[in-house]
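Heads up, the thing below is written out as structure tokens.
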Amino acid sequence: MARVQPNVSAQGPMVLEPKEEVRLRLVLLGDTVVGKSSLALRFVQNTFVDSLKNIPGAAFLTKDICVGRTLIRFEIWDTVGQERFNSLTPMYYRNAQAAIIVYDISNKETFDRAKRWLHELWQQKQPDIVIALVGNKTDLCNTRAVSNEEAGEYVREQNILFMEVSAKTGTNVREIFTELGKKTNVTIHSPFCTLAFQLRGLGLKFDPAINFHPGVSQTG
Ligand SMILES: Nc1nc2c(ncn2[C@@H]2O[C@H](COP(=O)(O)OP(=O)(O)O)[C@@H](O)[C@H]2O)c(=O)[nH]1
Ligand SMILES: [Mg+2]
């Protein structure tokens, strides 16, 4: 069980227990080589690997963060290359509570592909899924091909979260996950999810997730 870090105040150490814990199943979507795995690794381990071939094929990572008094356990599902062949099945994102659709700001084609992923997600009609569009590689702004304005205008129409980030420098990476966590936490308090919590409190497991990848779990 993850613990909340002690909060040191002028009066001495004070431990703030979380009022609740939520599990958040998040999927990463987007074209190949846009930096999905790099974003996950930056968020979970605060590391960056500059060479594609050195990036481990992490299918499943976890990370706990506190948002207010809520401990959010992100369960991050990353593809291990299936997106390259357009072979991601809807099963990959069917039970997701949050999705990050990634594009590379220096590659217009990946932005167009991200729009198609969003369209695909809307078609699934998943209630309460919280979606963020993320423009990665802001460190490559010299070769930018998608302007912040263009992407911003698009997300306003779609009413989803949007942030430009860099997995390489770490800019905005924690921020976008935190924003998603906050928004999902609001959504999670729908009557359906409240019931799930009550069942859990009674010791009954409510687990709609389908695990179909073997994977490693990392908490930190
Ligand atoms: N310059 C730059 N390169 C990045 C960034 N994020 C990822 N990359 C590189 O882009 C390539 C693809 O990254 P990867 O995470 O494997 O992409 P994925 O196929 O979407 O999972 C790798 O060579 C990464 O080092 C970034 O923010 N800036
Ligand atoms: Mg990858």
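Residues in the structure tokens are named by chain (A, B, ... in the order shown) and by number from 1 within that chain; ligands are numbered from 1 in the order shown.
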request  = Write out as a PyMOL selection string the residues lying within 7 Å of stretch 38-43 of chain A, counting only C-alpha atoms and excluding same-chain residues fewer than 2 positions away.
outcome  = chain A and resi 35-36+45-48+167+170+173-174
request  = Residues up to 7 Å from ligand 2, counting only C-alpha atoms and all ligand atoms: could you list those as number ranges by chain?
outcome  = A: 32-33, 35-37, 57, 78-81
Please produce a file of the residues just selected, as a PDB file, in the first residue's frame, where the atoms kept are N, CA and C atoms.
ATOM      1  N   THR A  32       3.455   5.929 -33.867  1.00  0.00           N
ATOM      2  CA  THR A  32       4.704   5.376 -33.360  1.00  0.00           C
ATOM      3  C   THR A  32       5.786   6.467 -33.377  1.00  0.00           C
ATOM      4  N   VAL A  33       6.684   6.415 -32.436  1.00  0.00           N
ATOM      5  CA  VAL A  33       7.846   7.306 -32.299  1.00  0.00           C
ATOM      6  C   VAL A  33       7.483   8.749 -31.910  1.00  0.00           C
ATOM      7  N   GLY A  35       6.744   9.470 -28.869  1.00  0.00           N
ATOM      8  CA  GLY A  35       7.286   9.622 -27.514  1.00  0.00           C
ATOM      9  C   GLY A  35       6.366   9.132 -26.404  1.00  0.00           C
ATOM     10  N   LYS A  36       5.484   8.201 -26.706  1.00  0.00           N
ATOM     11  CA  LYS A  36       4.560   7.690 -25.688  1.00  0.00           C
ATOM     12  C   LYS A  36       5.311   7.001 -24.548  1.00  0.00           C
ATOM     13  N   SER A  37       6.217   6.086 -24.924  1.00  0.00           N
ATOM     14  CA  SER A  37       6.966   5.359 -23.887  1.00  0.00           C
ATOM     15  C   SER A  37       7.859   6.322 -23.110  1.00  0.00           C
ATOM     16  N   GLY A  57      10.463  -2.081 -23.656  1.00  0.00           N
ATOM     17  CA  GLY A  57       9.070  -2.201 -24.081  1.00  0.00           C
ATOM     18  C   GLY A  57       8.166  -2.373 -22.888  1.00  0.00           C
ATOM     19  N   ASP A  78       0.951   1.122 -21.922  1.00  0.00           N
ATOM     20  CA  ASP A  78       1.696   1.628 -23.070  1.00  0.00           C
ATOM     21  C   ASP A  78       1.730   0.528 -24.128  1.00  0.00           C
ATOM     22  N   THR A  79       1.661   0.926 -25.367  1.00  0.00           N
ATOM     23  CA  THR A  79       1.743  -0.090 -26.421  1.00  0.00           C
ATOM     24  C   THR A  79       3.202  -0.536 -26.529  1.00  0.00           C
ATOM     25  N   VAL A  80       3.402  -1.733 -27.033  1.00  0.00           N
ATOM     26  CA  VAL A  80       4.777  -2.150 -27.278  1.00  0.00           C
ATOM     27  C   VAL A  80       4.993  -2.293 -28.776  1.00  0.00           C
ATOM     28  N   GLY A  81       4.512  -1.300 -29.500  1.00  0.00           N
ATOM     29  CA  GLY A  81       4.768  -1.249 -30.933  1.00  0.00           C
ATOM     30  C   GLY A  81       3.597  -1.632 -31.808  1.00  0.00           C
TER      31      GLY A  81
END
request  = Find the distance between atom CA of A:Arg25 and atom CA of A:Asn95 and write it in Å to one decimal.
outcome  = 7.5 Å
Close residues, stretch 122-138 of chain A itself excluded, 6 Å, only C-alpha atoms, min 2 positions apart in chain, as a list in words = Gln97, Ala98, Ala99, Ile100, Ile101, Val102, Tyr103, Asp104, Ile105, His119, Glu120, Leu140, Cys141, Ile160, Leu161, Phe162, Met163, Glu164, Val165 and Ser166 of chain A
query = What is the distance between atom CA of A:Cys66 and atom CA of A:Thr169, in Å to one decimal?
reply =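 These two atoms are separated by 22.6 Å.
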message = Would you pick out the contacts of A:Ser106 at 7 Å or less, using only C-alpha atoms, so that residues sharing its chain but fewer than 5 positions from it are not included, and give the list as a PyMOL selection string?
response = chain A and resi 140+143-146
task = Please indicate the distance in Å from atom CA of A:Tyr93 to atom CA of A:Ile76, rounded to one decimal place.
result = 11.1 Å
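The nearest approach to ligand 1 among the residues A:Lys168, A:Arg94, A:Arg69, A:Lys115, with only C-alpha atoms and all ligand atoms taken into account, belongs to A:Lys168.
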